[in-house]
>>> print(open('data-v8.csv').read())   # CSV, N, CA and C atoms
chain,number,residue,atom,x,y,z
E,1,MET,N,48.1,-127.6,42.3
E,1,MET,CA,47.2,-126.5,42.7
E,1,MET,C,45.8,-126.8,42.1
E,2,ARG,N,44.8,-126.5,43.0
E,2,ARG,CA,43.5,-126.7,42.5
E,2,ARG,C,43.0,-125.5,41.7
E,3,LYS,N,42.0,-125.8,40.9
E,3,LYS,CA,41.5,-124.7,40.0
E,3,LYS,C,40.5,-123.8,40.8
E,4,PHE,N,40.5,-122.6,40.4
E,4,PHE,CA,39.5,-121.6,41.1
E,4,PHE,C,38.1,-122.0,40.7
E,5,LEU,N,37.2,-122.1,41.7
E,5,LEU,CA,35.8,-122.2,41.5
E,5,LEU,C,35.3,-120.7,41.6
E,6,THR,N,34.7,-120.2,40.6
E,6,THR,CA,34.3,-118.8,40.5
E,6,THR,C,32.8,-118.6,40.8
E,7,LEU,N,32.6,-117.4,41.4
E,7,LEU,CA,31.2,-117.0,41.5
E,7,LEU,C,30.8,-116.4,40.2
E,8,LYS,N,29.6,-116.8,39.7
E,8,LYS,CA,29.2,-116.2,38.4
E,8,LYS,C,27.8,-115.6,38.5
E,9,GLU,N,27.0,-116.0,39.4
E,9,GLU,CA,25.6,-115.5,39.5
E,9,GLU,C,25.6,-114.2,40.3
E,10,ASN,N,24.7,-113.3,39.8
E,10,ASN,CA,24.6,-112.0,40.5
E,10,ASN,C,24.1,-112.2,41.9
E,11,ARG,N,23.2,-113.2,42.2
E,11,ARG,CA,22.6,-113.4,43.5
E,11,ARG,C,23.7,-113.8,44.5
E,12,ASP,N,24.8,-114.5,44.0
E,12,ASP,CA,25.9,-114.9,44.9
E,12,ASP,C,26.7,-113.7,45.3
E,13,PHE,N,26.9,-112.8,44.4
E,13,PHE,CA,27.7,-111.5,44.7
E,13,PHE,C,26.8,-110.7,45.7
E,14,ARG,N,25.6,-110.5,45.4
E,14,ARG,CA,24.7,-109.7,46.2
E,14,ARG,C,24.6,-110.3,47.6
E,15,ARG,N,24.6,-111.6,47.8
E,15,ARG,CA,24.5,-112.2,49.1
E,15,ARG,C,25.8,-111.9,49.9
E,16,ALA,N,26.9,-111.9,49.2
E,16,ALA,CA,28.2,-111.6,49.8
E,16,ALA,C,28.2,-110.1,50.3
E,17,TYR,N,27.7,-109.3,49.4
E,17,TYR,CA,27.7,-107.8,49.7
E,17,TYR,C,26.8,-107.5,50.9
E,18,SER,N,25.6,-108.1,50.9
E,18,SER,CA,24.7,-107.8,51.9
E,18,SER,C,24.9,-108.5,53.3
E,19,ARG,N,25.2,-109.8,53.2
E,19,ARG,CA,25.3,-110.5,54.5
E,19,ARG,C,26.8,-110.9,54.9
E,20,GLY,N,27.7,-110.7,54.0
E,20,GLY,CA,29.1,-111.1,54.2
E,20,GLY,C,29.8,-110.1,55.1
E,21,ARG,N,30.9,-110.6,55.7
E,21,ARG,CA,31.8,-109.7,56.5
E,21,ARG,C,32.8,-109.0,55.5
E,22,SER,N,33.0,-107.7,55.7
E,22,SER,CA,33.8,-107.0,54.8
E,22,SER,C,35.1,-106.5,55.5
E,23,TYR,N,36.2,-106.5,54.7
E,23,TYR,CA,37.5,-106.0,55.1
E,23,TYR,C,37.9,-105.0,54.1
E,24,VAL,N,38.3,-103.8,54.5
E,24,VAL,CA,38.5,-102.7,53.6
E,24,VAL,C,39.9,-102.1,53.7
E,25,SER,N,40.6,-101.8,52.6
E,25,SER,CA,41.8,-101.1,52.5
E,25,SER,C,41.8,-100.2,51.3
E,26,PRO,N,42.7,-99.3,51.1
E,26,PRO,CA,42.7,-98.4,49.9
E,26,PRO,C,42.9,-99.2,48.6
E,27,ILE,N,43.5,-100.4,48.7
E,27,ILE,CA,43.8,-101.2,47.5
E,27,ILE,C,42.7,-102.2,47.1
E,28,LEU,N,42.1,-102.7,48.2
E,28,LEU,CA,41.2,-103.9,47.9
E,28,LEU,C,40.1,-104.0,49.0
E,29,VAL,N,38.9,-104.4,48.6
E,29,VAL,CA,37.8,-104.7,49.6
E,29,VAL,C,37.6,-106.2,49.4
E,30,THR,N,37.4,-106.9,50.6
E,30,THR,CA,37.2,-108.3,50.6
E,30,THR,C,35.9,-108.6,51.4
E,31,TYR,N,35.0,-109.3,50.7
E,31,TYR,CA,33.8,-109.8,51.3
E,31,TYR,C,33.8,-111.3,51.5
E,32,ILE,N,33.5,-111.8,52.7
E,32,ILE,CA,33.6,-113.2,53.0
E,32,ILE,C,32.3,-113.7,53.6
E,33,ILE,N,31.8,-114.8,53.1
E,33,ILE,CA,30.6,-115.3,53.7
E,33,ILE,C,30.7,-116.9,53.6
E,34,LYS,N,30.2,-117.5,54.6
E,34,LYS,CA,30.2,-119.0,54.6
E,34,LYS,C,29.1,-119.5,53.6
E,35,ASN,N,29.5,-120.5,52.8
E,35,ASN,CA,28.5,-121.2,51.9
E,35,ASN,C,28.2,-122.5,52.4
E,36,ASN,N,27.2,-123.1,51.8
E,36,ASN,CA,26.7,-124.4,52.3
E,36,ASN,C,27.4,-125.6,51.6
E,37,GLN,N,28.4,-125.3,50.9
E,37,GLN,CA,29.1,-126.4,50.2
E,37,GLN,C,30.5,-126.5,50.8
E,38,ASN,N,31.2,-127.6,50.4
E,38,ASN,CA,32.5,-127.8,51.0
E,38,ASN,C,33.6,-127.4,50.0
E,39,ASN,N,33.4,-126.3,49.4
E,39,ASN,CA,34.4,-125.8,48.4
E,39,ASN,C,34.6,-124.3,48.6
E,40,LEU,N,35.6,-123.8,48.1
E,40,LEU,CA,35.9,-122.3,48.1
E,40,LEU,C,35.6,-121.7,46.8
E,41,ARG,N,34.8,-120.7,46.8
E,41,ARG,CA,34.4,-120.0,45.5
E,41,ARG,C,34.9,-118.6,45.6
E,42,ILE,N,35.5,-118.1,44.5
E,42,ILE,CA,36.1,-116.8,44.4
E,42,ILE,C,35.4,-115.9,43.4
E,43,GLY,N,35.2,-114.6,43.7
E,43,GLY,CA,34.6,-113.7,42.8
E,43,GLY,C,35.5,-112.4,42.8
E,44,ILE,N,35.7,-111.9,41.6
E,44,ILE,CA,36.5,-110.7,41.5
E,44,ILE,C,35.7,-109.7,40.7
E,45,THR,N,35.6,-108.4,41.2
E,45,THR,CA,34.8,-107.4,40.5
E,45,THR,C,35.6,-106.1,40.4
E,46,THR,N,35.4,-105.4,39.3
E,46,THR,CA,36.0,-104.1,39.2
E,46,THR,C,34.9,-103.2,38.5
E,47,GLY,N,34.7,-102.1,39.2
E,47,GLY,CA,33.7,-101.2,38.7
E,47,GLY,C,34.2,-100.2,37.7
E,48,LYS,N,33.3,-99.4,37.1
E,48,LYS,CA,33.7,-98.4,36.1
E,48,LYS,C,34.5,-97.3,36.7
E,49,LYS,N,34.4,-97.1,38.1
E,49,LYS,CA,35.1,-96.0,38.7
E,49,LYS,C,36.6,-96.3,38.7
E,50,ILE,N,37.0,-97.6,38.5
E,50,ILE,CA,38.5,-97.9,38.4
E,50,ILE,C,39.1,-97.2,37.3
E,51,GLY,N,38.5,-97.1,36.1
E,51,GLY,CA,39.0,-96.5,35.0
E,51,GLY,C,38.6,-97.2,33.7
E,52,LYS,N,39.3,-97.0,32.7
E,52,LYS,CA,39.0,-97.6,31.4
E,52,LYS,C,39.2,-99.1,31.4
E,53,ALA,N,38.9,-99.8,30.3
E,53,ALA,CA,38.9,-101.3,30.3
E,53,ALA,C,40.3,-101.8,30.6
E,54,PHE,N,41.4,-101.2,30.1
E,54,PHE,CA,42.7,-101.8,30.4
E,54,PHE,C,43.1,-101.7,31.8
E,55,GLU,N,42.6,-100.7,32.5
E,55,GLU,CA,42.9,-100.5,34.0
E,55,GLU,C,42.1,-101.6,34.8
E,56,ARG,N,40.8,-101.8,34.4
E,56,ARG,CA,40.0,-102.8,35.0
E,56,ARG,C,40.6,-104.2,34.8
E,57,ASN,N,41.0,-104.5,33.6
E,57,ASN,CA,41.6,-105.8,33.3
E,57,ASN,C,42.9,-106.0,34.1
E,58,ARG,N,43.7,-104.9,34.2
E,58,ARG,CA,45.0,-105.0,34.9
E,58,ARG,C,44.6,-105.3,36.4
E,59,SER,N,43.6,-104.6,36.9
E,59,SER,CA,43.2,-104.9,38.3
E,59,SER,C,42.9,-106.3,38.6
E,60,ARG,N,42.1,-106.9,37.7
E,60,ARG,CA,41.7,-108.3,37.8
E,60,ARG,C,42.9,-109.2,37.7
E,61,ARG,N,43.8,-108.9,36.8
E,61,ARG,CA,45.0,-109.7,36.6
E,61,ARG,C,45.9,-109.7,37.9
E,62,ILE,N,46.0,-108.5,38.5
E,62,ILE,CA,46.8,-108.4,39.7
E,62,ILE,C,46.2,-109.1,40.8
E,63,ILE,N,44.9,-109.0,41.0
E,63,ILE,CA,44.2,-109.8,42.1
E,63,ILE,C,44.3,-111.3,41.9
E,64,ARG,N,44.2,-111.7,40.7
E,64,ARG,CA,44.3,-113.2,40.4
E,64,ARG,C,45.7,-113.7,40.7
E,65,ALA,N,46.7,-112.9,40.3
E,65,ALA,CA,48.1,-113.2,40.5
E,65,ALA,C,48.4,-113.3,42.0
E,66,ALA,N,47.9,-112.4,42.8
E,66,ALA,CA,48.1,-112.5,44.2
E,66,ALA,C,47.4,-113.7,44.9
E,67,LEU,N,46.2,-113.9,44.3
E,67,LEU,CA,45.4,-115.0,44.9
E,67,LEU,C,46.1,-116.4,44.6
E,68,ARG,N,46.7,-116.5,43.5
E,68,ARG,CA,47.4,-117.8,43.1
E,68,ARG,C,48.4,-118.2,44.2
E,69,GLU,N,49.1,-117.2,44.8
E,69,GLU,CA,50.1,-117.4,45.8
E,69,GLU,C,49.6,-118.0,47.0
E,70,ILE,N,48.4,-117.7,47.4
E,70,ILE,CA,47.9,-118.2,48.7
E,70,ILE,C,46.6,-119.1,48.6
E,71,TYR,N,46.2,-119.4,47.4
E,71,TYR,CA,45.0,-120.1,47.2
E,71,TYR,C,45.0,-121.5,47.9
E,72,SER,N,46.1,-122.2,47.9
E,72,SER,CA,46.2,-123.5,48.5
E,72,SER,C,46.2,-123.5,50.0
E,73,ASP,N,46.4,-122.3,50.6
E,73,ASP,CA,46.4,-122.1,52.1
E,73,ASP,C,45.1,-121.7,52.6
E,74,LEU,N,44.1,-121.5,51.8
E,74,LEU,CA,42.8,-121.1,52.2
E,74,LEU,C,41.8,-122.2,52.6
E,75,GLU,N,41.0,-121.9,53.6
E,75,GLU,CA,40.0,-122.9,54.1
E,75,GLU,C,38.8,-123.0,53.2
E,76,ASN,N,38.3,-124.2,53.1
E,76,ASN,CA,37.1,-124.5,52.2
E,76,ASN,C,35.8,-124.0,52.9
E,77,GLY,N,34.8,-123.9,52.1
E,77,GLY,CA,33.5,-123.7,52.7
E,77,GLY,C,33.1,-122.2,52.7
E,78,TYR,N,33.7,-121.4,51.9
E,78,TYR,CA,33.5,-119.9,52.0
E,78,TYR,C,33.3,-119.4,50.5
E,79,ASP,N,32.6,-118.3,50.4
E,79,ASP,CA,32.6,-117.5,49.2
E,79,ASP,C,33.4,-116.2,49.5
E,80,ILE,N,34.3,-115.9,48.7
E,80,ILE,CA,35.1,-114.7,48.8
E,80,ILE,C,35.0,-113.8,47.6
E,81,VAL,N,34.7,-112.6,47.8
E,81,VAL,CA,34.6,-111.6,46.7
E,81,VAL,C,35.6,-110.5,46.9
E,82,PHE,N,36.5,-110.3,45.9
E,82,PHE,CA,37.5,-109.3,46.0
E,82,PHE,C,37.0,-108.1,45.1
E,83,VAL,N,37.0,-106.9,45.6
E,83,VAL,CA,36.5,-105.8,44.8
E,83,VAL,C,37.7,-104.8,44.7
E,84,ALA,N,38.1,-104.5,43.5
E,84,ALA,CA,39.2,-103.6,43.2
E,84,ALA,C,38.8,-102.1,43.6
E,85,ARG,N,39.8,-101.4,44.1
E,85,ARG,CA,39.6,-100.0,44.4
E,85,ARG,C,40.4,-99.1,43.4
E,86,GLY,N,40.3,-97.8,43.6
E,86,GLY,CA,41.0,-96.9,42.7
E,86,GLY,C,42.5,-97.0,42.5
E,87,LYS,N,43.1,-97.5,43.6
E,87,LYS,CA,44.6,-97.6,43.6
E,87,LYS,C,45.1,-99.0,43.0
E,88,THR,N,44.2,-99.9,42.8
E,88,THR,CA,44.5,-101.3,42.5
E,88,THR,C,45.3,-101.4,41.2
E,89,PRO,N,44.9,-100.7,40.1
E,89,PRO,CA,45.7,-100.9,38.8
E,89,PRO,C,47.1,-100.3,38.9
E,90,TYR,N,47.4,-99.5,39.9
E,90,TYR,CA,48.7,-98.8,40.0
E,90,TYR,C,49.7,-99.4,40.9
E,91,VAL,N,49.3,-100.5,41.6
E,91,VAL,CA,50.2,-101.2,42.5
E,91,VAL,C,50.6,-102.6,41.9
E,92,LYS,N,51.6,-103.2,42.6
E,92,LYS,CA,52.1,-104.5,42.1
E,92,LYS,C,51.3,-105.6,42.8
E,93,SER,N,51.4,-106.8,42.3
E,93,SER,CA,50.6,-107.9,42.9
E,93,SER,C,51.2,-108.3,44.3
E,94,THR,N,52.4,-107.9,44.6
E,94,THR,CA,53.0,-108.2,45.9
E,94,THR,C,52.3,-107.3,47.0
E,95,ASP,N,52.0,-106.1,46.6
E,95,ASP,CA,51.2,-105.2,47.5
E,95,ASP,C,49.8,-105.7,47.7
E,96,VAL,N,49.2,-106.2,46.7
E,96,VAL,CA,47.8,-106.7,46.8
E,96,VAL,C,47.9,-108.0,47.6
E,97,LEU,N,48.9,-108.8,47.5
E,97,LEU,CA,49.1,-110.0,48.2
E,97,LEU,C,49.2,-109.7,49.7
E,98,GLU,N,49.9,-108.7,50.1
E,98,GLU,CA,50.0,-108.4,51.5
E,98,GLU,C,48.7,-107.9,52.1
E,99,VAL,N,48.0,-107.1,51.4
E,99,VAL,CA,46.6,-106.7,51.8
E,99,VAL,C,45.7,-107.9,51.9
E,100,MET,N,45.7,-108.8,50.9
E,100,MET,CA,44.9,-109.9,50.9
E,100,MET,C,45.2,-110.9,52.1
E,101,LYS,N,46.5,-111.1,52.4
E,101,LYS,CA,46.8,-111.9,53.5
E,101,LYS,C,46.3,-111.3,54.8
E,102,SER,N,46.4,-110.0,55.0
E,102,SER,CA,45.9,-109.4,56.2
E,102,SER,C,44.4,-109.5,56.3
E,103,HIS,N,43.7,-109.3,55.2
E,103,HIS,CA,42.2,-109.5,55.3
E,103,HIS,C,41.9,-110.9,55.6
E,104,LEU,N,42.5,-111.9,55.0
E,104,LEU,CA,42.2,-113.3,55.2
E,104,LEU,C,42.6,-113.8,56.6
E,105,LYS,N,43.7,-113.2,57.1
E,105,LYS,CA,44.1,-113.6,58.5
E,105,LYS,C,43.1,-113.0,59.5
E,106,SER,N,42.6,-111.8,59.2
E,106,SER,CA,41.6,-111.2,60.1
E,106,SER,C,40.3,-112.1,60.1
E,107,ALA,N,40.0,-112.7,59.0
E,107,ALA,CA,38.8,-113.5,58.9
E,107,ALA,C,39.1,-115.0,59.3
E,108,LYS,N,40.4,-115.3,59.7
E,108,LYS,CA,40.8,-116.6,60.1
E,108,LYS,C,40.6,-117.7,59.0
E,109,LEU,N,40.9,-117.3,57.8
E,109,LEU,CA,40.7,-118.2,56.7
E,109,LEU,C,42.0,-118.8,56.2
E,110,LEU,N,43.1,-118.2,56.6
E,110,LEU,CA,44.4,-118.8,56.2
E,110,LEU,C,44.8,-120.0,57.1
E,111,VAL,N,45.0,-121.1,56.5
E,111,VAL,CA,45.3,-122.3,57.2
E,111,VAL,C,46.7,-122.3,57.8
E,112,LYS,N,47.6,-121.9,57.0
E,112,LYS,CA,49.1,-121.8,57.4
E,112,LYS,C,49.4,-120.5,57.9
>>> encode(input="data-v8.csv", output="structure tokens")
Amino acid sequence: MRKFLTLKENRDFRRAYSRGRSYVSPILVTYIIKNNQNNLRIGITTGKKIGKAFERNRSRRIIRAALREIYSDLENGYDIVFVARGKTPYVKSTDVLEVMKSHLKSAKLLVK
């Protein structure tokens, strides 16, 4: 399994928010934008509206666990930003995985 390349710069997140295609559900919001590189970069954000620190950390853990399941099936050349919603800390990673798959299938990023 390849290691996640992560988005770290604020400008990369802002570019995904402003120019990227978004997919929304009550559990997760996904922003996808093509990058000029031949690699896949992932960003995960959780805002203060999610709750206290342990809820935000749980949300990030759940999203990463779901992403590990399908990371090898994703197409290269895109920046993907996952944003946690209010329900995210209270669901299991399998629920997030189903939502994530539906978003990425809609964007035609799942290879398999």
>>> closest_residue(input="data-v8.csv", among="E:Thr46, E:Ser25, E:Thr94, E:Asn35", to="E:Ile80", atoms="all atoms listed in the file")
E:Asn35
>>> residues_around(input="data-v8.csv", residues="stretch 104-110 of chain E", least_positions_apart="2", cutoff="7 Å", atoms="only N, CA and C atoms", output="compact mmCIF listing (two decimals) with N, CA and C atoms, in the coordinates of the input")
# COMPACT_ATOMS: atom_id res chain seq x y z
N ASP E 73 46.40 -122.30 50.60
CA ASP E 73 46.40 -122.10 52.10
C ASP E 73 45.10 -121.70 52.60
N LEU E 74 44.10 -121.50 51.80
CA LEU E 74 42.80 -121.10 52.20
C LEU E 74 41.80 -122.20 52.60
N GLU E 75 41.00 -121.90 53.60
CA GLU E 75 40.00 -122.90 54.10
C GLU E 75 38.80 -123.00 53.20
N VAL E 99 48.00 -107.10 51.40
CA VAL E 99 46.60 -106.70 51.80
C VAL E 99 45.70 -107.90 51.90
N MET E 100 45.70 -108.80 50.90
CA MET E 100 44.90 -109.90 50.90
C MET E 100 45.20 -110.90 52.10
N LYS E 101 46.50 -111.10 52.40
CA LYS E 101 46.80 -111.90 53.50
C LYS E 101 46.30 -111.30 54.80
N SER E 102 46.40 -110.00 55.00
CA SER E 102 45.90 -109.40 56.20
C SER E 102 44.40 -109.50 56.30
N LYS E 112 47.60 -121.90 57.00
CA LYS E 112 49.10 -121.80 57.40
C LYS E 112 49.40 -120.50 57.90
>>> atom_distance(input="data-v8.csv", atom1="atom C of E:Lys8", atom2="atom CA of E:Val83")
14.5 Å
>>> select_by_dssp(input="data-v8.csv", residues="stretch 4-110 of chain E", states="strand (DSSP E or B)", output="number ranges by chain")
E: 5-6, 21-24, 28-34, 41-45, 74, 78-84, 110
>>> closest_residue(input="data-v8.csv", among="E:His103, E:Lys92, E:Tyr78, E:Phe4", to="E:Asn36", atoms="all atoms listed in the file")
E:Tyr78
>>> residues_around(input="data-v8.csv", residues="stretch 59-61 of chain E", least_positions_apart="6", cutoff="8 Å", atoms="all atoms listed in the file", output="list in words")
Ile44, Thr45, Thr46, Ala53, Leu67, Ala84, Arg85, Lys87, Thr88, Pro89, Tyr90 and Ser93 of chain E
>>> closest_residue(input="data-v8.csv", among="E:Tyr17, E:Thr6, E:Gly77, E:Lys52", to="E:Asn38", atoms="all atoms listed in the file")
E:Gly77
>>> closest_residue(input="data-v8.csv", among="E:Arg68, E:Asp79, E:Leu40, E:Val24", to="E:Asp12", atoms="only C-alpha atoms")
E:Asp79
>>> closest_residue(input="data-v8.csv", among="E:Val111, E:Pro26, E:Gly43, E:Arg21", to="E:Leu7", atoms="only C-alpha atoms")
E:Gly43
>>> decode(input="data-v8.csv", residues="stretch 50-66 of chain E", atoms="N, CA, C and O atoms", output="compact mmCIF listing (two decimals), in the first residue's frame")
# COMPACT_ATOMS: atom_id res chain seq x y z
N ILE E 50 -17.77 20.64 14.79
CA ILE E 50 -17.89 19.20 15.01
C ILE E 50 -17.99 18.89 16.49
O ILE E 50 -18.70 17.99 16.90
N GLY E 51 -17.28 19.62 17.30
CA GLY E 51 -17.32 19.38 18.74
C GLY E 51 -15.96 19.64 19.35
O GLY E 51 -15.12 20.34 18.80
N LYS E 52 -15.77 19.05 20.51
CA LYS E 52 -14.51 19.22 21.22
C LYS E 52 -13.41 18.42 20.54
O LYS E 52 -13.64 17.72 19.57
N ALA E 53 -12.19 18.53 21.05
CA ALA E 53 -11.02 17.95 20.40
C ALA E 53 -11.14 16.44 20.21
O ALA E 53 -10.78 15.92 19.15
N PHE E 54 -11.68 15.70 21.18
CA PHE E 54 -11.75 14.26 21.02
C PHE E 54 -12.72 13.87 19.92
O PHE E 54 -12.52 12.87 19.24
N GLU E 55 -13.78 14.67 19.70
CA GLU E 55 -14.71 14.38 18.61
C GLU E 55 -14.08 14.70 17.25
O GLU E 55 -14.27 13.97 16.28
N ARG E 56 -13.33 15.78 17.18
CA ARG E 56 -12.64 16.12 15.93
C ARG E 56 -11.58 15.08 15.61
O ARG E 56 -11.45 14.66 14.45
N ASN E 57 -10.84 14.64 16.61
CA ASN E 57 -9.82 13.60 16.39
C ASN E 57 -10.47 12.29 15.95
O ASN E 57 -9.96 11.61 15.06
N ARG E 58 -11.58 11.92 16.58
CA ARG E 58 -12.30 10.70 16.18
C ARG E 58 -12.77 10.80 14.74
O ARG E 58 -12.68 9.85 13.98
N SER E 59 -13.27 11.97 14.35
CA SER E 59 -13.72 12.17 12.96
C SER E 59 -12.57 11.94 11.99
O SER E 59 -12.74 11.26 10.97
N ARG E 60 -11.42 12.50 12.27
CA ARG E 60 -10.27 12.32 11.39
C ARG E 60 -9.83 10.86 11.34
O ARG E 60 -9.49 10.34 10.27
N ARG E 61 -9.84 10.18 12.49
CA ARG E 61 -9.46 8.76 12.53
C ARG E 61 -10.41 7.92 11.69
O ARG E 61 -9.98 7.03 10.95
N ILE E 62 -11.72 8.19 11.80
CA ILE E 62 -12.72 7.44 11.05
C ILE E 62 -12.54 7.65 9.55
O ILE E 62 -12.62 6.71 8.76
N ILE E 63 -12.31 8.89 9.15
CA ILE E 63 -12.12 9.19 7.72
C ILE E 63 -10.86 8.50 7.20
O ILE E 63 -10.87 7.91 6.12
N ARG E 64 -9.77 8.54 7.96
CA ARG E 64 -8.53 7.87 7.53
C ARG E 64 -8.71 6.36 7.43
O ARG E 64 -8.21 5.73 6.50
N ALA E 65 -9.44 5.77 8.38
CA ALA E 65 -9.67 4.32 8.35
C ALA E 65 -10.47 3.93 7.11
O ALA E 65 -10.18 2.91 6.46
N ALA E 66 -11.47 4.71 6.77
CA ALA E 66 -12.27 4.42 5.57
C ALA E 66 -11.43 4.61 4.31
O ALA E 66 -11.53 3.83 3.36
